[in-house]
file protein.cif (mmCIF, C-alpha atoms)
data_target
loop_
_atom_site.label_atom_id
_atom_site.label_comp_id
_atom_site.auth_asym_id
_atom_site.auth_seq_id
_atom_site.Cartn_x
_atom_site.Cartn_y
_atom_site.Cartn_z
CA MET U 1481 0.00 0.00 0.00
CA SER U 1482 1.95 2.97 -1.24
CA SER U 1483 1.17 6.66 -1.30
CA ALA U 1484 3.48 7.14 -4.29
CA ILE U 1485 0.67 6.68 -6.77
CA ILE U 1486 0.45 10.03 -8.51
CA ASN U 1487 3.12 10.30 -11.15
CA SER U 1488 3.63 14.00 -11.77
CA GLN U 1489 3.06 17.51 -10.50
CA ASP U 1490 1.11 18.16 -13.68
CA TYR U 1491 -1.30 15.37 -12.79
CA LEU U 1492 -1.81 16.84 -9.32
CA ALA U 1493 -2.44 20.27 -10.79
CA ASN U 1494 -5.02 18.89 -13.21
CA MET U 1495 -6.70 16.93 -10.44
CA MET U 1496 -7.02 20.05 -8.29
CA PHE U 1497 -8.39 21.99 -11.27
CA LEU U 1498 -11.20 19.52 -11.84
CA THR U 1499 -12.05 18.56 -8.27
CA GLN U 1500 -12.31 21.96 -6.61
CA LYS U 1501 -15.54 23.91 -6.95
CA GLY U 1502 -15.70 27.54 -7.90
CA GLY U 1503 -13.49 29.65 -10.10
CA ALA U 1504 -13.54 30.24 -13.83
CA GLY U 1505 -13.29 27.19 -16.03
CA ARG U 1506 -13.89 24.65 -13.26
CA SER U 1507 -16.52 22.05 -14.09
CA THR U 1508 -18.43 19.96 -11.56
CA TYR U 1509 -20.65 16.95 -12.13
CA SER U 1510 -23.74 18.84 -11.00
CA GLU U 1511 -23.04 21.76 -13.32
CA PHE U 1512 -22.64 19.46 -16.31
CA ALA U 1513 -25.76 17.49 -15.42
CA GLU U 1514 -27.76 20.72 -15.13
CA LEU U 1515 -26.46 21.90 -18.49
CA SER U 1516 -27.45 18.58 -20.07
CA ARG U 1517 -30.99 18.86 -18.70
CA GLN U 1518 -31.39 22.39 -20.02
CA SER U 1519 -30.21 21.84 -23.57
CA PRO U 1520 -30.28 18.87 -25.98
CA ILE U 1521 -27.49 20.32 -28.09
CA THR U 1522 -23.78 19.56 -27.78
CA PRO U 1523 -22.26 21.25 -24.71
CA PRO U 1524 -20.07 24.30 -25.34
CA PRO U 1525 -16.43 23.59 -26.25
CA ASP U 1526 -15.10 24.47 -22.79
CA HIS U 1527 -17.38 21.88 -21.19
CA THR U 1528 -16.49 19.33 -23.85
CA ALA U 1529 -12.80 19.94 -23.21
CA ASN U 1530 -13.26 19.70 -19.46
CA ILE U 1531 -15.17 16.44 -19.78
CA ALA U 1532 -12.47 14.97 -22.01
CA ARG U 1533 -9.83 16.13 -19.57
CA ALA U 1534 -11.77 14.70 -16.63
CA ARG U 1535 -12.15 11.36 -18.41
CA GLU U 1536 -8.41 11.23 -18.99
CA LEU U 1537 -7.71 12.04 -15.34
CA ASP U 1538 -10.07 9.35 -14.14
CA GLU U 1539 -8.53 6.76 -16.44
CA ARG U 1540 -5.11 7.59 -15.04
CA SER U 1541 -6.57 7.39 -11.55
CA ARG U 1542 -8.09 4.00 -12.37
CA LYS U 1543 -4.67 2.67 -13.34
CA ALA U 1544 -3.08 4.16 -10.21
CA LEU U 1545 -5.73 2.54 -8.00
CA LEU U 1546 -5.24 -0.85 -9.62
CA ASP U 1547 -1.46 -0.55 -9.33
CA ALA U 1548 -1.87 0.22 -5.62
CA GLY U 1549 -4.16 -2.78 -5.04
CA CYS U 1550 -7.34 -0.75 -4.60
CA PRO U 1551 -10.33 -1.81 -6.73
CA PRO U 1552 -11.90 1.14 -8.58
CA CYS U 1553 -15.45 1.84 -7.44
CA CYS U 1554 -16.86 1.67 -10.96
CA PRO U 1555 -16.14 -0.41 -14.07
CA PRO U 1556 -14.63 1.18 -17.18
CA ASP U 1557 -17.69 0.53 -19.34
CA LEU U 1558 -20.02 3.04 -17.62
CA ASP U 1559 -20.82 6.21 -19.54
CA PHE U 1560 -18.84 9.30 -18.62
CA PRO U 1561 -19.80 11.57 -16.88
CA LEU U 1562 -21.36 9.03 -14.53
CA ARG U 1563 -25.16 9.26 -14.60
CA ASN U 1564 -28.06 6.81 -14.38
CA ILE U 1565 -25.83 4.49 -12.39
CA PRO U 1566 -26.94 0.87 -11.84
CA GLU U 1567 -27.94 0.13 -8.25
CA LYS U 1568 -25.08 -2.32 -7.75
CA TYR U 1569 -22.67 0.61 -8.08
CA GLU U 1570 -24.44 2.77 -5.50
CA VAL U 1571 -21.09 3.49 -3.84
CA ILE U 1572 -20.58 6.01 -6.65
CA SER U 1573 -23.31 8.15 -5.12
CA TYR U 1574 -21.17 8.42 -1.99
CA TRP U 1575 -18.35 9.98 -3.99
CA GLN U 1576 -20.74 12.22 -5.88
CA SER U 1577 -22.21 13.42 -2.58
CA LEU U 1578 -18.86 14.96 -1.67
CA PRO U 1579 -18.69 18.59 -2.85
CA GLU U 1580 -15.04 18.30 -3.93
CA THR U 1581 -15.52 15.30 -6.24
CA GLY U 1582 -16.85 17.06 -9.32
CA LEU U 1583 -16.63 14.98 -12.48
CA VAL U 1584 -13.69 12.86 -11.39
CA VAL U 1585 -15.03 10.12 -9.12
CA LEU U 1586 -12.00 7.86 -9.45
CA THR U 1587 -9.63 10.73 -8.82
CA ALA U 1588 -11.54 11.47 -5.61
CA GLN U 1589 -11.22 7.79 -4.71
CA LEU U 1590 -7.50 7.92 -5.42
CA SER U 1591 -7.12 10.93 -3.14
CA ASP U 1592 -8.99 9.07 -0.40
CA TRP U 1593 -6.74 6.03 -0.86
CA THR U 1594 -3.69 8.26 -0.51
CA ASN U 1595 -5.12 9.71 2.71
CA SER U 1596 -5.59 6.20 4.06
CA CYS U 1597 -1.94 5.44 3.23
CA ASP U 1598 -0.93 8.48 5.27
CA PHE U 1599 -3.16 7.24 8.11
CA GLN U 1600 -1.41 3.88 7.93
CA LYS U 1601 2.00 5.53 8.18
CA ARG U 1602 0.97 7.78 11.08
CA ASN U 1603 -0.21 4.78 13.06
CA ARG U 1604 3.13 3.07 12.61
CA ARG U 1605 5.10 6.19 13.46
CA TYR U 1606 3.15 6.38 16.72
CA TYR U 1607 2.95 2.74 17.82
CA ILE U 1608 6.15 1.11 16.58
CA PRO U 1609 8.68 3.37 18.39
CA ARG U 1610 6.72 2.81 21.61
CA GLY U 1611 6.71 -0.95 21.12
CA THR U 1612 2.90 -0.99 21.20
CA PHE U 1613 2.02 -2.05 17.66
CA PRO U 1614 0.07 -5.07 19.02
CA LYS U 1615 -2.11 -2.55 20.86
CA PHE U 1616 -2.94 -0.91 17.54
CA VAL U 1617 -3.92 -4.30 16.09
CA ASP U 1618 -6.16 -4.90 19.11
CA ARG U 1619 -7.84 -1.54 18.52
CA VAL U 1620 -8.51 -2.50 14.91
CA ARG U 1621 -10.04 -5.78 16.10
CA ASP U 1622 -12.20 -4.00 18.68
CA ARG U 1623 -13.47 -1.52 16.11
CA ARG U 1624 -14.40 -4.32 13.74
CA ARG U 1625 -16.31 -6.09 16.51
CA ARG U 1626 -18.24 -2.91 17.27
CA HIS U 1627 -19.38 -2.87 13.66
CA GLY U 1628 -20.22 -6.57 13.58
CA LEU U 1629 -17.54 -7.46 11.03
CA GLU U 1630 -16.28 -11.01 10.76
CA GLY U 1631 -12.74 -12.30 10.50
CA ASP U 1632 -9.69 -11.81 12.68
CA VAL U 1633 -6.95 -9.29 12.00
CA TYR U 1634 -3.23 -9.93 11.62
CA LEU U 1635 -1.19 -6.89 10.64
CA LEU U 1636 2.54 -6.43 10.17
CA PRO U 1637 4.72 -3.50 11.24
CA ASP U 1638 5.92 -3.11 7.64
CA PRO U 1639 2.91 -2.53 5.35
CA GLU U 1640 5.06 -3.37 2.33
CA GLN U 1641 5.19 -6.95 3.65
CA GLN U 1642 1.42 -7.21 4.03
CA SER U 1643 -0.93 -8.90 1.62
CA ARG U 1644 -3.47 -6.95 -0.39
CA LEU U 1645 -6.15 -8.20 2.01
CA GLN U 1646 -4.26 -6.98 5.07
CA ASN U 1647 -3.83 -3.54 3.56
CA TRP U 1648 -7.51 -3.50 2.61
CA ILE U 1649 -8.47 -4.27 6.21
CA GLU U 1650 -6.44 -1.25 7.27
CA PHE U 1651 -8.23 0.82 4.64
CA GLN U 1652 -11.51 -0.44 6.07
CA ASN U 1653 -10.36 0.52 9.55
CA TYR U 1654 -9.57 4.01 8.27
CA HIS U 1655 -13.14 4.46 7.04
CA LEU U 1656 -14.66 2.94 10.17
CA ASP U 1657 -12.65 5.49 12.14
CA LEU U 1658 -14.00 8.31 9.94
CA HIS U 1659 -17.53 7.00 10.43
CA GLU U 1660 -17.20 6.90 14.19
CA ASP U 1661 -15.80 10.42 14.23
CA GLU U 1662 -18.84 11.64 12.31
CA GLU U 1663 -21.17 9.78 14.67
CA ARG U 1664 -19.53 11.46 17.66
CA LYS U 1665 -19.81 14.84 15.98
CA ILE U 1666 -23.53 14.35 15.32
CA LYS U 1667 -24.11 13.25 18.91
CA ASP U 1668 -22.34 16.34 20.24
CA GLU U 1669 -24.33 18.61 17.92
CA THR U 1670 -27.59 16.88 18.83
CA ASP U 1671 -26.84 17.32 22.53
CA GLU U 1672 -26.05 20.97 21.91
CA LEU U 1673 -29.29 21.37 19.95
CA ASP U 1674 -31.33 19.81 22.77
CA THR U 1675 -29.65 22.01 25.37
CA THR U 1676 -30.21 25.14 23.29
CA ARG U 1677 -33.87 24.28 22.74
CA LYS U 1678 -34.39 23.97 26.47
CA ARG U 1679 -32.78 27.36 26.94
CA ILE U 1680 -34.32 29.44 24.14
CA GLY U 1681 -37.03 27.30 22.54
CA ASN U 1682 -37.33 26.23 18.90
CA LEU U 1683 -36.95 29.64 17.30
CA GLY U 1684 -33.90 31.64 16.33
CA GLU U 1685 -30.94 31.51 13.99
CA THR U 1686 -28.86 29.36 16.35
CA ILE U 1687 -31.51 26.62 16.33
CA SER U 1688 -31.72 26.71 12.53
CA ILE U 1689 -27.95 26.41 12.19
CA LEU U 1690 -27.73 23.50 14.60
CA GLU U 1691 -30.69 21.71 13.00
CA GLY U 1692 -29.12 22.13 9.57
CA SER U 1693 -25.77 20.83 10.78
CA VAL U 1694 -27.32 17.74 12.38
CA LYS U 1695 -29.39 17.03 9.27
CA TYR U 1696 -26.34 17.40 7.03
CA GLY U 1697 -24.28 15.13 9.29
CA LYS U 1698 -26.93 12.41 9.21
CA LYS U 1699 -27.04 12.63 5.42
CA LYS U 1700 -23.26 12.24 5.29
CA LEU U 1701 -23.48 9.15 7.48
CA GLU U 1702 -26.18 7.69 5.26
CA GLU U 1703 -24.00 8.13 2.19
CA HIS U 1704 -20.90 6.86 3.97
CA ARG U 1705 -22.69 3.63 4.91
CA LYS U 1706 -22.75 2.88 1.18
CA MET U 1707 -18.98 3.20 1.19
CA LEU U 1708 -18.64 0.92 4.22
CA TYR U 1709 -20.87 -1.69 2.59
CA TRP U 1710 -18.81 -1.58 -0.61
CA ILE U 1711 -15.55 -1.91 1.32
CA GLU U 1712 -16.84 -4.97 3.17
CA GLN U 1713 -18.04 -6.59 -0.05
CA GLN U 1714 -14.62 -6.04 -1.59
CA ARG U 1715 -12.99 -7.54 1.51
CA LYS U 1716 -15.13 -10.67 1.20
CA GLU U 1717 -14.14 -11.01 -2.44
CA MET U 1718 -10.47 -10.71 -1.50
CA VAL U 1719 -10.90 -13.37 1.20
CA ALA U 1720 -12.45 -15.71 -1.37
CA GLU U 1721 -9.70 -14.99 -3.89
CA GLN U 1722 -7.01 -15.61 -1.29
CA ALA U 1723 -8.63 -18.88 -0.19
CA ALA U 1724 -8.91 -20.03 -3.81
CA SER U 1725 -5.27 -19.15 -4.41
CA ILE U 1726 -4.15 -21.14 -1.36
CA HIS U 1727 -6.30 -24.09 -2.42
CA THR U 1728 -4.83 -24.02 -5.92
CA THR U 1729 -1.29 -23.88 -4.53
CA GLU U 1730 -1.96 -26.81 -2.20
CA ASP U 1731 -3.40 -28.85 -5.07
CA TYR U 1732 -0.32 -28.09 -7.16
CA ASP U 1733 2.03 -29.03 -4.31
CA ARG U 1734 0.24 -32.34 -3.82
CA SER U 1735 0.33 -33.10 -7.54
CA THR U 1736 4.05 -32.40 -7.83
CA ASN U 1737 4.82 -34.58 -4.80
CA MET U 1738 2.79 -37.60 -5.93
CA PRO U 1739 4.86 -40.79 -6.24
CA THR U 1740 5.58 -41.95 -9.76
CA PRO U 1741 3.37 -44.95 -10.65
CA LEU U 1742 5.24 -48.24 -11.01
CA SER U 1743 5.35 -49.55 -14.56
#
call {"tool": "encode", "arguments": {"input": "protein.cif", "output": "structure tokens"}}
result
Amino acid sequence: MSSAIINSQDYLANMMFLTQKGGAGRSTYSEFAELSRQSPITPPPDHTANIARARELDERSRKALLDAGCPPCCPPDLDFPLRNIPEKYEVISYWQSLPETGLVVLTAQLSDWTNSCDFQKRNRRYYIPRGTFPKFVDRVRDRRRRHGLEGDVYLLPDPEQQSRLQNWIEFQNYHLDLHEDEERKIKDETDELDTTRKRIGNLGETISILEGSVKYGKKKLEEHRKMLYWIEQQRKEMVAEQAASIHTTEDYDRSTNMPTPLS
């Protein structure tokens, strides 16, 4: 699991251009979708160029994800920009719910993967010098139990020595941690909202702001659950692939060690 997955400063610059909202020439998914609804004609050249550029970025991001061992969240045969998405790819709606994603869903996923790599490194910088890496593994196990996830966890101090499945479990732990942080934030805001209501009633700008924040947080959690579900499904597929690989290897070993029949 390596964070060295973006090949050039030019690529980073292009990614920032297409994923940040606002500013002249920047195109988001929602803006393009709105334009498409308003007019049946070919989009203006600047939109056409941005879409072509976004498609190129996402294809490069797809390759980078695959090289890093992270399955892209959508297959290459879906229309671009991504619209009318089949239900089995509902994880895409999670990425599209993030305001910074814009047109480039896979580039947003690549950025998230890179952040998880940084999270992985920070954990090792903290636990390994203190000789408490097993404590980190126990925390990962405890978090998985809280979320009702199956399977035990065995992690190595050097992530480069880990299997794809082990690194994926750490990626899953990263997103479970994000989810729990958001849950705590919503609880704190809900408690603050309840306290404020008792103090000043249901009217006022403060109440409106707190209500809006809680509602937005719950919507984020709802979308993020799609991501957690997708991650777990990918983990199960990796477990099955690993088991099949071990079974195939064992069959091969047995076949090569069979005694030669007597003539």
call {"tool": "residues_near_point", "arguments": {"input": "protein.cif", "point": "(-22.1, 5.7, 3.4)", "cutoff": "10 Å", "atoms": "only C-alpha atoms", "output": "CSV table (one decimal) with C-alpha atoms, in the coordinates of the input"}}
result
chain,number,residue,atom,x,y,z
U,1570,GLU,CA,-24.4,2.8,-5.5
U,1571,VAL,CA,-21.1,3.5,-3.8
U,1573,SER,CA,-23.3,8.2,-5.1
U,1574,TYR,CA,-21.2,8.4,-2.0
U,1575,TRP,CA,-18.4,10.0,-4.0
U,1577,SER,CA,-22.2,13.4,-2.6
U,1655,HIS,CA,-13.1,4.5,7.0
U,1659,HIS,CA,-17.5,7.0,10.4
U,1699,LYS,CA,-27.0,12.6,5.4
U,1700,LYS,CA,-23.3,12.2,5.3
U,1701,LEU,CA,-23.5,9.2,7.5
U,1702,GLU,CA,-26.2,7.7,5.3
U,1703,GLU,CA,-24.0,8.1,2.2
U,1704,HIS,CA,-20.9,6.9,4.0
U,1705,ARG,CA,-22.7,3.6,4.9
U,1706,LYS,CA,-22.8,2.9,1.2
U,1707,MET,CA,-19.0,3.2,1.2
U,1708,LEU,CA,-18.6,0.9,4.2
U,1709,TYR,CA,-20.9,-1.7,2.6
U,1710,TRP,CA,-18.8,-1.6,-0.6
call {"tool": "closest_residue", "arguments": {"input": "protein.cif", "among": "U:Ala1529, U:Thr1675, U:Glu1630, U:Pro1637", "to": "Thr1612 in chain U", "atoms": "only C-alpha atoms"}}
result
U:Pro1637
call {"tool": "closest_residue", "arguments": {"input": "protein.cif", "among": "U:Asn1595, U:Ser1541, U:Thr1528, U:Asn1647", "to": "Pro1561 in chain U", "atoms": "all atoms listed in the file"}}
result
U:Thr1528
call {"tool": "closest_residue", "arguments": {"input": "protein.cif", "among": "U:Asp1592, U:Leu1635, U:Thr1587, U:Pro1556", "to": "Lys1615 in chain U", "atoms": "all atoms listed in the file"}}
result
U:Leu1635
call {"tool": "atom_distance", "arguments": {"input": "protein.cif", "atom1": "CA of Gly1611 in chain U", "atom2": "CA of Arg1644 in chain U"}}
result
24.5 Å
call {"tool": "atom_distance", "arguments": {"input": "protein.cif", "atom1": "CA of Asp1657 in chain U", "atom2": "CA of Ala1548 in chain U"}}
result
21.4 Å
call {"tool": "atom_distance", "arguments": {"input": "protein.cif", "atom1": "CA of Ala1588 in chain U", "atom2": "CA of Asn1653 in chain U"}}
result
18.7 Å
call {"tool": "closest_residue", "arguments": {"input": "protein.cif", "among": "U:Glu1685, U:Glu1721, U:Asp1547, U:Asp1598", "to": "Tyr1654 in chain U", "atoms": "all atoms listed in the file"}}
result
U:Asp1598
call {"tool": "resolve_selection", "arguments": {"input": "protein.cif", "expression": "the PyMOL selection byres ((chain U and resi 1645) around 12)", "output": "CSV table (one decimal) with C-alpha atoms, in the coordinates of the input"}}
result
chain,number,residue,atom,x,y,z
U,1481,MET,CA,0.0,0.0,0.0
U,1549,GLY,CA,-4.2,-2.8,-5.0
U,1550,CYS,CA,-7.3,-0.8,-4.6
U,1551,PRO,CA,-10.3,-1.8,-6.7
U,1631,GLY,CA,-12.7,-12.3,10.5
U,1632,ASP,CA,-9.7,-11.8,12.7
U,1633,VAL,CA,-7.0,-9.3,12.0
U,1634,TYR,CA,-3.2,-9.9,11.6
U,1635,LEU,CA,-1.2,-6.9,10.6
U,1639,PRO,CA,2.9,-2.5,5.4
U,1641,GLN,CA,5.2,-7.0,3.6
U,1642,GLN,CA,1.4,-7.2,4.0
U,1643,SER,CA,-0.9,-8.9,1.6
U,1644,ARG,CA,-3.5,-7.0,-0.4
U,1646,GLN,CA,-4.3,-7.0,5.1
U,1647,ASN,CA,-3.8,-3.5,3.6
U,1648,TRP,CA,-7.5,-3.5,2.6
U,1649,ILE,CA,-8.5,-4.3,6.2
U,1650,GLU,CA,-6.4,-1.2,7.3
U,1651,PHE,CA,-8.2,0.8,4.6
U,1652,GLN,CA,-11.5,-0.4,6.1
U,1711,ILE,CA,-15.6,-1.9,1.3
U,1712,GLU,CA,-16.8,-5.0,3.2
U,1714,GLN,CA,-14.6,-6.0,-1.6
U,1715,ARG,CA,-13.0,-7.5,1.5
U,1716,LYS,CA,-15.1,-10.7,1.2
U,1717,GLU,CA,-14.1,-11.0,-2.4
U,1718,MET,CA,-10.5,-10.7,-1.5
U,1719,VAL,CA,-10.9,-13.4,1.2
U,1720,ALA,CA,-12.4,-15.7,-1.4
U,1721,GLU,CA,-9.7,-15.0,-3.9
U,1722,GLN,CA,-7.0,-15.6,-1.3
U,1723,ALA,CA,-8.6,-18.9,-0.2
call {"tool": "decode", "arguments": {"input": "protein.cif", "residues": "range 1677-1720 of chain U", "atoms": "C-alpha atoms", "output": "CSV table (one decimal), in the first residue's frame"}}
result
chain,number,residue,atom,x,y,z
U,1677,ARG,CA,-33.9,24.3,22.7
U,1678,LYS,CA,-34.4,24.0,26.5
U,1679,ARG,CA,-32.8,27.4,26.9
U,1680,ILE,CA,-34.3,29.4,24.1
U,1681,GLY,CA,-37.0,27.3,22.5
U,1682,ASN,CA,-37.3,26.2,18.9
U,1683,LEU,CA,-36.9,29.6,17.3
U,1684,GLY,CA,-33.9,31.6,16.3
U,1685,GLU,CA,-30.9,31.5,14.0
U,1686,THR,CA,-28.9,29.4,16.3
U,1687,ILE,CA,-31.5,26.6,16.3
U,1688,SER,CA,-31.7,26.7,12.5
U,1689,ILE,CA,-27.9,26.4,12.2
U,1690,LEU,CA,-27.7,23.5,14.6
U,1691,GLU,CA,-30.7,21.7,13.0
U,1692,GLY,CA,-29.1,22.1,9.6
U,1693,SER,CA,-25.8,20.8,10.8
U,1694,VAL,CA,-27.3,17.7,12.4
U,1695,LYS,CA,-29.4,17.0,9.3
U,1696,TYR,CA,-26.3,17.4,7.0
U,1697,GLY,CA,-24.3,15.1,9.3
U,1698,LYS,CA,-26.9,12.4,9.2
U,1699,LYS,CA,-27.0,12.6,5.4
U,1700,LYS,CA,-23.3,12.2,5.3
U,1701,LEU,CA,-23.5,9.1,7.5
U,1702,GLU,CA,-26.2,7.7,5.3
U,1703,GLU,CA,-24.0,8.1,2.2
U,1704,HIS,CA,-20.9,6.9,4.0
U,1705,ARG,CA,-22.7,3.6,4.9
U,1706,LYS,CA,-22.8,2.9,1.2
U,1707,MET,CA,-19.0,3.2,1.2
U,1708,LEU,CA,-18.6,0.9,4.2
U,1709,TYR,CA,-20.9,-1.7,2.6
U,1710,TRP,CA,-18.8,-1.6,-0.6
U,1711,ILE,CA,-15.5,-1.9,1.3
U,1712,GLU,CA,-16.8,-5.0,3.2
U,1713,GLN,CA,-18.0,-6.6,-0.1
U,1714,GLN,CA,-14.6,-6.0,-1.6
U,1715,ARG,CA,-13.0,-7.5,1.5
U,1716,LYS,CA,-15.1,-10.7,1.2
U,1717,GLU,CA,-14.1,-11.0,-2.4
U,1718,MET,CA,-10.5,-10.7,-1.5
U,1719,VAL,CA,-10.9,-13.4,1.2
U,1720,ALA,CA,-12.5,-15.7,-1.4
